[in-house]
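**Student:** One file is attached below, structure.txt, containing compact mmCIF, C-alpha atoms.
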# COMPACT_ATOMS: atom_id res chain seq x y z
CA MET A 1 12.12 21.98 -9.17
CA LYS A 2 11.57 20.71 -12.69
CA THR A 3 8.63 18.37 -13.01
CA ARG A 4 8.29 14.96 -14.60
CA GLU A 5 5.39 13.12 -16.18
CA LEU A 6 3.68 10.68 -13.83
CA GLY A 7 3.53 7.80 -16.27
CA ARG A 8 0.86 8.51 -18.87
CA THR A 9 -1.60 10.17 -16.51
CA GLY A 10 -0.92 13.65 -17.90
CA ILE A 11 -0.05 14.75 -14.34
CA ARG A 12 3.33 16.38 -13.75
CA VAL A 13 5.10 15.94 -10.42
CA SER A 14 8.36 16.95 -8.77
CA PRO A 15 11.29 14.45 -8.62
CA TYR A 16 11.05 14.61 -4.84
CA CYS A 17 7.75 13.49 -3.32
CA LEU A 18 7.10 14.46 0.30
CA GLY A 19 6.30 11.32 2.27
CA THR A 20 4.46 11.82 5.56
CA MET A 21 4.91 8.51 7.36
CA MET A 22 6.90 10.26 10.11
CA PHE A 23 4.15 12.80 10.88
CA GLY A 24 2.17 11.91 14.00
CA ARG A 25 2.84 9.81 17.07
CA ALA A 26 5.02 7.39 15.10
CA GLY A 27 7.53 10.17 14.39
CA ASN A 28 6.88 13.85 14.98
CA PRO A 29 3.84 14.28 17.28
CA ASP A 30 3.83 18.10 16.96
CA HIS A 31 1.13 18.78 14.36
CA ASP A 32 2.02 22.46 13.96
CA ASP A 33 5.66 21.58 13.31
CA CYS A 34 4.63 18.97 10.75
CA VAL A 35 2.46 21.55 8.98
CA ARG A 36 5.43 23.93 8.84
CA ILE A 37 7.57 21.16 7.32
CA ILE A 38 4.92 20.48 4.66
CA HIS A 39 4.65 24.18 3.83
CA ARG A 40 8.44 24.49 3.53
CA ALA A 41 8.49 21.53 1.13
CA LEU A 42 5.73 23.05 -0.99
CA ASP A 43 7.45 26.44 -1.02
CA SER A 44 10.64 24.76 -2.28
CA GLY A 45 8.86 23.47 -5.39
CA ILE A 46 7.71 20.02 -4.27
CA ASN A 47 4.16 19.54 -5.57
CA PHE A 48 3.71 15.86 -4.74
CA VAL A 49 2.62 14.61 -1.28
CA ASP A 50 2.25 10.93 -0.37
CA THR A 51 0.53 9.63 2.74
CA ALA A 52 -1.54 6.60 3.83
CA ASP A 53 -4.49 5.86 6.06
CA VAL A 54 -2.31 3.83 8.46
CA TYR A 55 0.37 6.51 8.92
CA GLY A 56 0.51 8.42 12.15
CA PRO A 57 -0.80 5.79 13.00
CA HIS A 58 -4.48 5.30 12.11
CA GLY A 59 -5.10 8.39 10.04
CA GLU A 60 -3.18 10.95 12.08
CA SER A 61 -0.84 11.71 9.20
CA GLU A 62 -3.78 12.27 6.83
CA ASP A 63 -5.27 14.67 9.39
CA ILE A 64 -2.01 16.65 9.45
CA VAL A 65 -1.76 16.74 5.65
CA GLY A 66 -5.35 17.94 5.45
CA LYS A 67 -4.56 20.85 7.78
CA ALA A 68 -1.44 21.77 5.81
CA LEU A 69 -3.15 21.75 2.40
CA LYS A 70 -5.99 24.11 3.30
CA GLY A 71 -5.93 26.88 0.73
CA ARG A 72 -3.25 25.09 -1.33
CA ARG A 73 -5.02 21.90 -2.38
CA ASP A 74 -5.46 22.77 -6.06
CA ASP A 75 -1.70 23.13 -6.60
CA ILE A 76 -0.77 19.78 -5.03
CA VAL A 77 -0.82 16.24 -6.39
CA LEU A 78 -2.13 14.32 -3.39
CA ALA A 79 -1.56 10.59 -3.01
CA THR A 80 -2.72 8.27 -0.28
CA LYS A 81 -3.13 4.53 0.22
CA VAL A 82 -5.56 1.87 1.39
CA ASN A 83 -5.09 -1.76 2.51
CA GLY A 84 -3.44 -1.57 5.94
CA THR A 85 -5.31 -2.61 9.09
CA MET A 86 -7.28 0.26 10.62
CA GLY A 87 -8.48 -1.08 13.96
CA ASP A 88 -10.07 -4.23 15.31
CA GLY A 89 -12.25 -6.51 13.25
CA PRO A 90 -11.56 -8.90 10.38
CA ASN A 91 -12.75 -6.53 7.65
CA ARG A 92 -11.01 -3.27 8.60
CA GLY A 93 -8.20 -3.65 6.08
CA GLY A 94 -7.25 -5.41 2.89
CA SER A 95 -8.19 -4.78 -0.73
CA SER A 96 -11.80 -5.91 -0.85
CA ARG A 97 -14.51 -3.79 -2.44
CA ARG A 98 -16.19 -3.61 0.96
CA TRP A 99 -13.17 -2.01 2.62
CA ILE A 100 -11.98 0.21 -0.23
CA ILE A 101 -15.38 1.86 -0.72
CA ALA A 102 -15.74 2.45 3.03
CA GLU A 103 -12.18 3.62 3.74
CA VAL A 104 -11.88 6.12 0.91
CA GLU A 105 -14.60 8.17 2.61
CA GLN A 106 -12.56 8.28 5.82
CA SER A 107 -9.42 9.34 3.94
CA LEU A 108 -11.33 12.09 2.12
CA ARG A 109 -12.69 13.34 5.45
CA ARG A 110 -9.30 13.35 7.16
CA LEU A 111 -7.61 15.03 4.19
CA GLY A 112 -10.33 17.66 3.97
CA THR A 113 -10.78 17.22 0.23
CA ASP A 114 -13.38 15.94 -2.23
CA HIS A 115 -10.92 13.98 -4.35
CA ILE A 116 -7.63 12.09 -4.21
CA ASP A 117 -5.25 12.50 -7.14
CA LEU A 118 -3.60 9.10 -6.72
CA TYR A 119 -5.19 6.32 -4.66
CA GLN A 120 -2.84 3.38 -4.13
CA VAL A 121 -3.23 -0.17 -2.86
CA HIS A 122 -0.59 -0.24 -0.14
CA HIS A 123 0.34 -3.94 -0.28
CA PRO A 124 -0.51 -7.02 -2.33
CA ASP A 125 -3.52 -8.89 -0.96
CA PRO A 126 -3.30 -12.59 -1.82
CA HIS A 127 -6.77 -13.15 -0.31
CA THR A 128 -8.61 -10.83 -2.72
CA ASP A 129 -9.12 -11.30 -6.45
CA ILE A 130 -7.42 -8.44 -8.31
CA GLU A 131 -10.60 -7.98 -10.37
CA GLU A 132 -12.51 -7.25 -7.16
CA THR A 133 -9.98 -4.57 -6.22
CA LEU A 134 -9.78 -2.96 -9.65
CA SER A 135 -13.57 -2.95 -9.97
CA ALA A 136 -13.95 -0.98 -6.73
CA LEU A 137 -11.18 1.45 -7.68
CA THR A 138 -12.72 1.93 -11.14
CA ASP A 139 -16.00 2.97 -9.53
CA LEU A 140 -14.14 5.53 -7.43
CA VAL A 141 -12.50 7.01 -10.53
CA ARG A 142 -15.82 7.18 -12.34
CA SER A 143 -17.45 8.85 -9.34
CA GLY A 144 -14.79 11.59 -9.34
CA LYS A 145 -13.50 10.78 -5.86
CA VAL A 146 -10.23 9.47 -7.28
CA ARG A 147 -8.30 10.70 -10.32
CA ALA A 148 -5.83 7.82 -10.84
CA ILE A 149 -5.04 4.52 -9.15
CA GLY A 150 -1.77 2.84 -8.31
CA SER A 151 -0.19 -0.13 -6.60
CA SER A 152 2.63 -0.51 -4.12
CA ASN A 153 5.11 -3.32 -3.45
CA LEU A 154 3.76 -5.53 -6.24
CA PRO A 155 6.05 -8.16 -7.78
CA ALA A 156 6.50 -7.78 -11.54
CA SER A 157 4.27 -10.78 -12.29
CA GLU A 158 1.38 -9.25 -10.33
CA ILE A 159 1.82 -5.89 -12.05
CA VAL A 160 1.41 -7.67 -15.39
CA GLU A 161 -1.59 -9.66 -14.14
CA ALA A 162 -3.31 -6.48 -12.95
CA GLN A 163 -2.73 -4.82 -16.34
CA TRP A 164 -4.16 -7.83 -18.19
CA VAL A 165 -7.22 -8.06 -15.93
CA ALA A 166 -7.93 -4.34 -16.38
CA ASP A 167 -7.67 -4.68 -20.16
CA ARG A 168 -9.86 -7.76 -20.42
CA ARG A 169 -12.55 -6.55 -18.01
CA GLY A 170 -12.68 -2.94 -19.17
CA LEU A 171 -11.49 -1.60 -15.82
CA HIS A 172 -9.21 1.30 -14.94
CA ARG A 173 -5.63 0.11 -14.64
CA PHE A 174 -2.89 0.87 -12.19
CA ARG A 175 -1.08 3.96 -13.45
CA THR A 176 1.71 3.91 -10.89
CA GLU A 177 3.76 1.56 -8.74
CA GLN A 178 5.49 2.36 -5.45
CA PRO A 179 8.39 -0.05 -4.75
CA PRO A 180 11.43 0.17 -2.44
CA TYR A 181 14.61 1.37 -4.15
CA SER A 182 18.01 2.54 -3.04
CA ILE A 183 21.69 1.95 -3.77
CA LEU A 184 21.53 -1.02 -1.39
CA ASN A 185 18.26 -2.48 -2.70
CA ARG A 186 18.28 -2.47 -6.51
CA ALA A 187 16.31 -5.63 -7.32
CA ILE A 188 13.50 -3.67 -9.01
CA GLU A 189 15.92 -2.75 -11.80
CA ARG A 190 15.71 -6.35 -12.99
CA GLU A 191 11.97 -6.69 -13.69
CA VAL A 192 9.72 -4.20 -11.90
CA LEU A 193 11.10 -1.03 -13.50
CA PRO A 194 11.18 -2.48 -17.05
CA VAL A 195 7.63 -3.76 -16.67
CA CYS A 196 6.44 -0.37 -15.41
CA ARG A 197 8.07 1.37 -18.38
CA ARG A 198 6.44 -1.13 -20.76
CA TYR A 199 2.99 -0.25 -19.41
CA GLY A 200 3.64 3.49 -19.13
CA MET A 201 3.43 3.51 -15.35
CA GLY A 202 4.86 6.20 -13.12
CA VAL A 203 7.13 4.97 -10.32
CA LEU A 204 7.40 6.48 -6.84
CA VAL A 205 10.24 4.80 -4.97
CA TRP A 206 10.24 4.58 -1.19
CA SER A 207 13.20 4.40 1.18
CA PRO A 208 15.84 5.88 -1.18
CA LEU A 209 17.99 6.31 1.94
CA ALA A 210 17.62 2.61 2.80
CA MET A 211 15.72 3.25 6.04
CA GLY A 212 18.52 5.53 7.22
CA LEU A 213 21.54 3.39 6.31
CA LEU A 214 22.49 5.82 3.55
CA THR A 215 22.65 8.79 5.90
CA GLY A 216 25.90 7.54 7.43
CA ARG A 217 24.32 7.38 10.86
CA TYR A 218 24.70 3.61 11.08
CA ARG A 219 28.37 2.62 10.74
CA LYS A 220 30.27 -0.63 10.95
CA GLY A 221 31.97 -0.81 14.33
CA GLY A 222 30.25 2.38 15.44
CA PRO A 223 28.00 2.84 18.48
CA THR A 224 24.63 1.11 18.32
CA VAL A 225 21.85 3.54 17.54
CA ARG A 226 18.91 2.78 19.79
CA ASN A 227 15.70 4.11 18.31
CA ALA A 228 12.30 2.96 17.06
CA ARG A 229 13.72 2.26 13.60
CA MET A 230 16.24 -0.21 15.02
CA LYS A 231 13.33 -2.13 16.57
CA TRP A 232 11.35 -1.95 13.33
CA VAL A 233 14.00 -3.08 10.82
CA PRO A 234 16.78 -4.67 12.92
CA ARG A 235 18.05 -7.13 10.28
CA HIS A 236 18.33 -4.40 7.69
CA LEU A 237 20.20 -1.94 9.92
CA THR A 238 22.67 -4.51 11.26
CA ASP A 239 23.33 -6.48 8.06
CA GLU A 240 27.13 -6.76 7.75
CA ARG A 241 27.03 -6.80 3.93
CA LYS A 242 25.07 -3.56 3.84
CA LEU A 243 27.30 -1.93 6.42
CA ASP A 244 30.34 -2.97 4.35
CA ALA A 245 28.80 -1.31 1.29
CA VAL A 246 28.11 1.86 3.27
CA GLU A 247 31.77 2.02 4.29
CA ARG A 248 32.73 1.90 0.61
CA LEU A 249 30.12 4.48 -0.41
CA ILE A 250 31.13 7.10 2.15
CA PRO A 251 34.58 7.81 0.62
CA LEU A 252 33.03 7.73 -2.87
CA ALA A 253 30.59 10.45 -1.81
CA GLU A 254 33.41 12.48 -0.23
CA GLU A 255 35.50 12.28 -3.41
CA ALA A 256 32.49 13.52 -5.38
CA GLY A 257 32.12 16.42 -2.94
CA LEU A 258 28.80 15.14 -1.64
CA SER A 259 27.26 13.89 1.56
CA LEU A 260 26.18 10.25 1.51
CA THR A 261 22.55 11.40 1.75
CA HIS A 262 22.84 13.58 -1.35
CA LEU A 263 24.62 10.81 -3.26
CA ALA A 264 21.84 8.36 -2.40
CA MET A 265 19.00 10.69 -3.35
CA ALA A 266 20.64 11.68 -6.65
CA PHE A 267 21.13 7.98 -7.45
CA ALA A 268 17.46 7.19 -6.86
CA ILE A 269 16.12 9.81 -9.27
CA THR A 270 18.74 9.11 -11.96
CA HIS A 271 17.11 5.91 -13.22
CA PRO A 272 14.90 6.75 -16.25
CA GLY A 273 12.19 4.45 -14.93
CA VAL A 274 11.85 6.39 -11.66
CA THR A 275 9.45 9.35 -11.61
CA SER A 276 9.88 10.51 -8.02
CA ALA A 277 11.76 9.50 -4.89
CA ILE A 278 9.84 9.76 -1.63
CA ILE A 279 11.57 11.70 1.13
CA GLY A 280 10.35 11.20 4.69
CA PRO A 281 11.72 13.95 6.96
CA ARG A 282 10.75 13.96 10.62
CA THR A 283 12.23 17.39 11.35
CA MET A 284 12.75 20.66 9.54
CA GLU A 285 16.52 20.11 9.74
CA GLN A 286 16.21 16.83 7.88
CA LEU A 287 14.05 18.44 5.20
CA GLU A 288 16.50 21.30 4.69
CA ASP A 289 19.36 18.85 4.25
CA LEU A 290 17.40 16.89 1.64
CA LEU A 291 16.42 20.05 -0.23
CA ALA A 292 20.06 21.18 -0.28
CA GLY A 293 20.90 18.19 -2.49
CA ALA A 294 17.93 18.46 -4.86
CA ALA A 295 20.04 19.84 -7.72
CA VAL A 296 22.77 17.18 -7.50
CA ALA A 297 23.37 15.18 -10.69
CA LEU A 298 25.78 12.22 -10.73
CA ASP A 299 28.17 11.73 -13.62
CA ASP A 300 28.84 8.38 -15.29
CA ASP A 301 32.08 7.79 -13.39
CA VAL A 302 30.32 8.02 -10.02
CA LEU A 303 27.47 5.82 -11.23
CA ASP A 304 29.94 3.24 -12.55
CA ARG A 305 31.68 3.14 -9.19
CA ILE A 306 28.35 2.66 -7.41
CA ASP A 307 27.65 -0.26 -9.77
CA ARG A 308 30.93 -1.86 -8.71
CA ILE A 309 29.94 -1.60 -5.05
CA VAL A 310 26.37 -2.84 -5.50
CA ALA A 311 25.68 -4.66 -8.75
CA PRO A 312 22.68 -3.47 -10.80
CA GLY A 313 19.49 -5.46 -10.23
CA THR A 314 20.56 -6.85 -6.86
CA ASP A 315 19.60 -6.45 -3.21
CA ILE A 316 22.21 -6.62 -0.49
CA GLY A 317 20.49 -8.55 2.26
CA PRO A 318 16.86 -8.37 3.37
CA LEU A 319 14.73 -5.29 3.87
CA ASP A 320 12.55 -6.28 6.81
CA VAL A 321 9.48 -4.34 5.71
CA SER A 322 9.48 -5.43 2.06
CA TYR A 323 6.63 -7.61 0.84
CA THR A 324 7.26 -11.33 1.17
CA PRO A 325 4.87 -13.47 -0.91
CA PRO A 326 3.03 -16.33 0.84
CA SER A 327 4.92 -18.88 -1.27
CA VAL A 328 8.13 -17.83 0.49
CA GLN A 329 6.67 -16.92 3.87
CA ARG A 330 4.69 -20.10 4.57
CA PRO A 331 6.57 -23.42 4.69
CA ALA A 332 3.40 -25.39 3.95
CA LEU A 333 3.29 -23.85 0.46
CA ARG A 334 6.72 -25.18 -0.48
CA ARG A 335 6.70 -28.59 1.24
CA ARG A 336 4.72 -31.67 0.37
CA PRO A 337 2.72 -33.17 3.27
CA ALA A 338 4.84 -35.33 5.56
CA ASP A 339 2.95 -38.54 4.76
CA GLU A 340 3.42 -37.94 1.03
CA ARG A 341 7.15 -37.33 1.50
CA ALA A 342 7.41 -40.51 3.56
CA GLY A 343 5.69 -42.49 0.82
CA VAL A 344 8.18 -41.29 -1.77
CA ALA A 345 11.08 -42.16 0.54
CA ARG A 346 9.87 -45.74 0.91
Could you render the structure from this file as structure tokens?
**Tutor:**
Amino acid sequence: MKTRELGRTGIRVSPYCLGTMMFGRAGNPDHDDCVRIIHRALDSGINFVDTADVYGPHGESEDIVGKALKGRRDDIVLATKVNGTMGDGPNRGGSSRRWIIAEVEQSLRRLGTDHIDLYQVHHPDPHTDIEETLSALTDLVRSGKVRAIGSSNLPASEIVEAQWVADRRGLHRFRTEQPPYSILNRAIEREVLPVCRRYGMGVLVWSPLAMGLLTGRYRKGGPTVRNARMKWVPRHLTDERKLDAVERLIPLAEEAGLSLTHLAMAFAITHPGVTSAIIGPRTMEQLEDLLAGAAVALDDDVLDRIDRIVAPGTDIGPLDVSYTPPSVQRPALRRRPADERAGVAR
């Protein structure tokens, strides 16, 4: 595979990034099989691997990646994440200095390495000052344990804030962002991708297959697929508007001589603001299918027709696992106290 620049880090990565969320009890519990999948991906030309401390769950995926990269570590750009809850206790998660400094040691141990190429904050943390987070991450870069730092799921306004804080405080800044992006969820085209380009940030997009909707497995009027994913993102997988769009995309893919999966992956890496699209195979068969479409390039006619099905810069319906800011999630933050409302009414 040809490589692309990861923002302005000087690191070059493949357009496909191997995501490992499905390795471990949450997906494929066979460690040896997962190692074989990782090796096949690396042999195909993928040099970028993304994992997280919570995958597996609770570090199992990092353990598997560590086994797979023995003897091959120097050729791989290794990314992992911190922020998710890792067990009981009020301080075993989040983006505080206390947790980041402690958890990076556990990730390094599980991954069997002395450094992480890209260390990412998995989710926004409204309870922690961004300066606190960036200060801890800066110390990790200066110590040599981390080469570059990134964010994930940040709204555009918080990406800008983090850049400003880093500049004003003399801290290392986020060099990458990892947002959701697919044909069905294109909202990041409106602000997040332009902001990332403005600051020279690399972008790793997750769920380019829309949590499986863009594989054609979930069809309008078809049999209900009963699996763990349906329990995890039920609104997303049963949204009538998304299913309608899928029914329009399938014949478009067929006319272009492509599977829906290959159409979706090619779309995700076409945007000039996207560095890599994260693939998350659970089986070798799934990986082989994804690799078979790695050379697909969409022409303007196909891209124009996709734009007519899903308008640029828009999301069709909710994505259950996307970040929802407290201002939207908590009614108390958007409603005046009842007694104050009553006073105005009188």
**Student:** Near region 197-208 of chain A, within 10 Å and counting only C-alpha atoms, which residues show up once chain neighbours fewer than 6 positions away are dropped, as a count of residues only?
**Tutor:** 50
**Student:** For Arg98 (chain A), find every residue with an atom within 9 Å (counting all atoms listed in the file), except residues of its own chain fewer than 5 positions away, and show them as a list in words.
**Tutor:**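 Residues near the query, excluding close chain neighbours: Asn91, Glu103 and Ala136 of chain A.
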**Student:** Between A:Leu69, A:Glu247, A:Val165, A:Pro325, which one has atoms that come closest to Pro124 (chain A), using all atoms listed in the file?
**Tutor:**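 Under the stated criterion, the closest residue is A:Pro325.
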**Student:** To one decimal place, how far is CA of Gln286 (chain A) from CA of Ser14 (chain A) in Å?
**Tutor:**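 Atom-to-atom, CA of Gln286 (chain A) and CA of Ser14 (chain A) are spaced 18.4 Å apart.
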**Student:** Mind giving me the straight-line distance from CA of His262 (chain A) to CA of Val296 (chain A) in Å, one decimal?
**Tutor:**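 Distance reported for this atom pair: 7.1 Å.
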**Student:** Quick one: of A:Glu340, A:Asp289, A:Glu189, A:Asp299, who's nearest to Asp315 (chain A), counting all atoms listed in the file?
**Tutor:**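 Result for the nearest residue to Asp315 (chain A): A:Glu189.
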**Student:** Could you check how far CA of Glu288 (chain A) sits from CA of Asn227 (chain A), in Å to one decimal?
**Tutor:**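 Spanning CA of Glu288 (chain A) to CA of Asn227 (chain A) is a straight-line distance of 21.9 Å.
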**Student:** When distances are computed from only C-alpha atoms, which of A:Asp301, A:Glu240, A:Asp74, A:Glu132 shows the smallest separation from Leu213 (chain A)?
**Tutor:** A:Glu240
**Student:** Show me as a list of chain:residue names the residues that reach within 9 Å of (3.2, 18.5, -5.4), counting only C-alpha atoms and using the file's own coordinates.
**Tutor:**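 Here the neighbourhood of the point contains A:Arg12, A:Val13, A:Ser14, A:Tyr16, A:Cys17, A:Leu18, A:Ala41, A:Leu42, A:Gly45, A:Ile46, A:Asn47, A:Phe48, A:Val49, A:Asp75, A:Ile76, A:Val77, A:Leu78.
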**Student:** Rebuild region 191-216 of chain A to N, CA, C and O atoms - output it as a PDB file, in the coordinates of the input, please.
**Tutor:**
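Writing done, so here's out_6.pdb:
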ATOM      1  N   GLU A 191      13.254  -6.421 -13.044  1.00  0.00           N
ATOM      2  CA  GLU A 191      11.970  -6.690 -13.690  1.00  0.00           C
ATOM      3  C   GLU A 191      10.916  -5.609 -13.452  1.00  0.00           C
ATOM      4  O   GLU A 191      10.200  -5.233 -14.369  1.00  0.00           O
ATOM      5  N   VAL A 192      10.805  -5.124 -12.217  1.00  0.00           N
ATOM      6  CA  VAL A 192       9.720  -4.200 -11.900  1.00  0.00           C
ATOM      7  C   VAL A 192       9.810  -2.909 -12.710  1.00  0.00           C
ATOM      8  O   VAL A 192       8.827  -2.482 -13.332  1.00  0.00           O
ATOM      9  N   LEU A 193      10.974  -2.273 -12.749  1.00  0.00           N
ATOM     10  CA  LEU A 193      11.100  -1.030 -13.500  1.00  0.00           C
ATOM     11  C   LEU A 193      10.894  -1.225 -15.009  1.00  0.00           C
ATOM     12  O   LEU A 193      10.181  -0.436 -15.646  1.00  0.00           O
ATOM     13  N   PRO A 194      11.472  -2.264 -15.628  1.00  0.00           N
ATOM     14  CA  PRO A 194      11.180  -2.480 -17.050  1.00  0.00           C
ATOM     15  C   PRO A 194       9.711  -2.745 -17.343  1.00  0.00           C
ATOM     16  O   PRO A 194       9.177  -2.265 -18.350  1.00  0.00           O
ATOM     17  N   VAL A 195       9.047  -3.494 -16.470  1.00  0.00           N
ATOM     18  CA  VAL A 195       7.630  -3.760 -16.670  1.00  0.00           C
ATOM     19  C   VAL A 195       6.818  -2.471 -16.553  1.00  0.00           C
ATOM     20  O   VAL A 195       5.900  -2.213 -17.344  1.00  0.00           O
ATOM     21  N   CYS A 196       7.158  -1.638 -15.569  1.00  0.00           N
ATOM     22  CA  CYS A 196       6.440  -0.370 -15.410  1.00  0.00           C
ATOM     23  C   CYS A 196       6.633   0.527 -16.636  1.00  0.00           C
ATOM     24  O   CYS A 196       5.684   1.177 -17.098  1.00  0.00           O
ATOM     25  N   ARG A 197       7.825   0.553 -17.173  1.00  0.00           N
ATOM     26  CA  ARG A 197       8.070   1.370 -18.380  1.00  0.00           C
ATOM     27  C   ARG A 197       7.265   0.811 -19.563  1.00  0.00           C
ATOM     28  O   ARG A 197       6.735   1.564 -20.377  1.00  0.00           O
ATOM     29  N   ARG A 198       7.177  -0.505 -19.659  1.00  0.00           N
ATOM     30  CA  ARG A 198       6.440  -1.130 -20.760  1.00  0.00           C
ATOM     31  C   ARG A 198       4.966  -0.724 -20.746  1.00  0.00           C
ATOM     32  O   ARG A 198       4.352  -0.527 -21.790  1.00  0.00           O
ATOM     33  N   TYR A 199       4.400  -0.594 -19.527  1.00  0.00           N
ATOM     34  CA  TYR A 199       2.990  -0.250 -19.410  1.00  0.00           C
ATOM     35  C   TYR A 199       2.760   1.239 -19.169  1.00  0.00           C
ATOM     36  O   TYR A 199       1.633   1.650 -18.869  1.00  0.00           O
ATOM     37  N   GLY A 200       3.803   2.042 -19.277  1.00  0.00           N
ATOM     38  CA  GLY A 200       3.640   3.490 -19.130  1.00  0.00           C
ATOM     39  C   GLY A 200       3.267   3.917 -17.730  1.00  0.00           C
ATOM     40  O   GLY A 200       2.534   4.896 -17.554  1.00  0.00           O
ATOM     41  N   MET A 201       3.770   3.205 -16.725  1.00  0.00           N
ATOM     42  CA  MET A 201       3.430   3.510 -15.350  1.00  0.00           C
ATOM     43  C   MET A 201       4.461   4.449 -14.711  1.00  0.00           C
ATOM     44  O   MET A 201       5.661   4.321 -14.936  1.00  0.00           O
ATOM     45  N   GLY A 202       3.967   5.390 -13.928  1.00  0.00           N
ATOM     46  CA  GLY A 202       4.860   6.200 -13.120  1.00  0.00           C
ATOM     47  C   GLY A 202       5.358   5.382 -11.946  1.00  0.00           C
ATOM     48  O   GLY A 202       4.683   4.452 -11.494  1.00  0.00           O
ATOM     49  N   VAL A 203       6.544   5.715 -11.442  1.00  0.00           N
ATOM     50  CA  VAL A 203       7.130   4.970 -10.320  1.00  0.00           C
ATOM     51  C   VAL A 203       7.555   5.929  -9.225  1.00  0.00           C
ATOM     52  O   VAL A 203       8.359   6.830  -9.451  1.00  0.00           O
ATOM     53  N   LEU A 204       7.004   5.732  -8.032  1.00  0.00           N
ATOM     54  CA  LEU A 204       7.400   6.480  -6.840  1.00  0.00           C
ATOM     55  C   LEU A 204       8.193   5.514  -5.972  1.00  0.00           C
ATOM     56  O   LEU A 204       7.636   4.515  -5.511  1.00  0.00           O
ATOM     57  N   VAL A 205       9.455   5.758  -5.759  1.00  0.00           N
ATOM     58  CA  VAL A 205      10.240   4.800  -4.970  1.00  0.00           C
ATOM     59  C   VAL A 205      10.297   5.250  -3.517  1.00  0.00           C
ATOM     60  O   VAL A 205      10.465   6.423  -3.213  1.00  0.00           O
ATOM     61  N   TRP A 206      10.144   4.265  -2.608  1.00  0.00           N
ATOM     62  CA  TRP A 206      10.240   4.580  -1.190  1.00  0.00           C
ATOM     63  C   TRP A 206      11.549   4.067  -0.613  1.00  0.00           C
ATOM     64  O   TRP A 206      12.178   3.180  -1.156  1.00  0.00           O
ATOM     65  N   SER A 207      11.957   4.697   0.473  1.00  0.00           N
ATOM     66  CA  SER A 207      13.200   4.400   1.180  1.00  0.00           C
ATOM     67  C   SER A 207      14.450   4.556   0.311  1.00  0.00           C
ATOM     68  O   SER A 207      15.311   3.666   0.286  1.00  0.00           O
ATOM     69  N   PRO A 208      14.602   5.668  -0.412  1.00  0.00           N
ATOM     70  CA  PRO A 208      15.840   5.880  -1.180  1.00  0.00           C
ATOM     71  C   PRO A 208      17.067   6.005  -0.304  1.00  0.00           C
ATOM     72  O   PRO A 208      18.185   5.833  -0.783  1.00  0.00           O
ATOM     73  N   LEU A 209      16.871   6.253   0.993  1.00  0.00           N
ATOM     74  CA  LEU A 209      17.990   6.310   1.940  1.00  0.00           C
ATOM     75  C   LEU A 209      18.131   5.000   2.705  1.00  0.00           C
ATOM     76  O   LEU A 209      18.836   4.943   3.720  1.00  0.00           O
ATOM     77  N   ALA A 210      17.488   3.952   2.216  1.00  0.00           N
ATOM     78  CA  ALA A 210      17.620   2.610   2.800  1.00  0.00           C
ATOM     79  C   ALA A 210      17.316   2.607   4.290  1.00  0.00           C
ATOM     80  O   ALA A 210      18.088   2.092   5.106  1.00  0.00           O
ATOM     81  N   MET A 211      16.175   3.190   4.646  1.00  0.00           N
ATOM     82  CA  MET A 211      15.720   3.250   6.040  1.00  0.00           C
ATOM     83  C   MET A 211      16.737   3.914   6.962  1.00  0.00           C
ATOM     84  O   MET A 211      16.801   3.625   8.146  1.00  0.00           O
ATOM     85  N   GLY A 212      17.548   4.797   6.418  1.00  0.00           N
ATOM     86  CA  GLY A 212      18.520   5.530   7.220  1.00  0.00           C
ATOM     87  C   GLY A 212      19.952   5.067   7.073  1.00  0.00           C
ATOM     88  O   GLY A 212      20.880   5.777   7.475  1.00  0.00           O
ATOM     89  N   LEU A 213      20.171   3.886   6.472  1.00  0.00           N
ATOM     90  CA  LEU A 213      21.540   3.390   6.310  1.00  0.00           C
ATOM     91  C   LEU A 213      22.378   4.316   5.438  1.00  0.00           C
ATOM     92  O   LEU A 213      23.592   4.443   5.638  1.00  0.00           O
ATOM     93  N   LEU A 214      21.742   4.973   4.478  1.00  0.00           N
ATOM     94  CA  LEU A 214      22.490   5.820   3.550  1.00  0.00           C
ATOM     95  C   LEU A 214      22.547   7.284   4.002  1.00  0.00           C
ATOM     96  O   LEU A 214      22.762   8.185   3.207  1.00  0.00           O
ATOM     97  N   THR A 215      22.386   7.480   5.315  1.00  0.00           N
ATOM     98  CA  THR A 215      22.650   8.790   5.900  1.00  0.00           C
ATOM     99  C   THR A 215      24.028   8.815   6.566  1.00  0.00           C
ATOM    100  O   THR A 215      24.517   9.873   6.937  1.00  0.00           O
ATOM    101  N   GLY A 216      24.620   7.630   6.747  1.00  0.00           N
ATOM    102  CA  GLY A 216      25.900   7.540   7.430  1.00  0.00           C
ATOM    103  C   GLY A 216      25.766   7.456   8.940  1.00  0.00           C
ATOM    104  O   GLY A 216      26.767   7.399   9.661  1.00  0.00           O
TER     105      GLY A 216
END
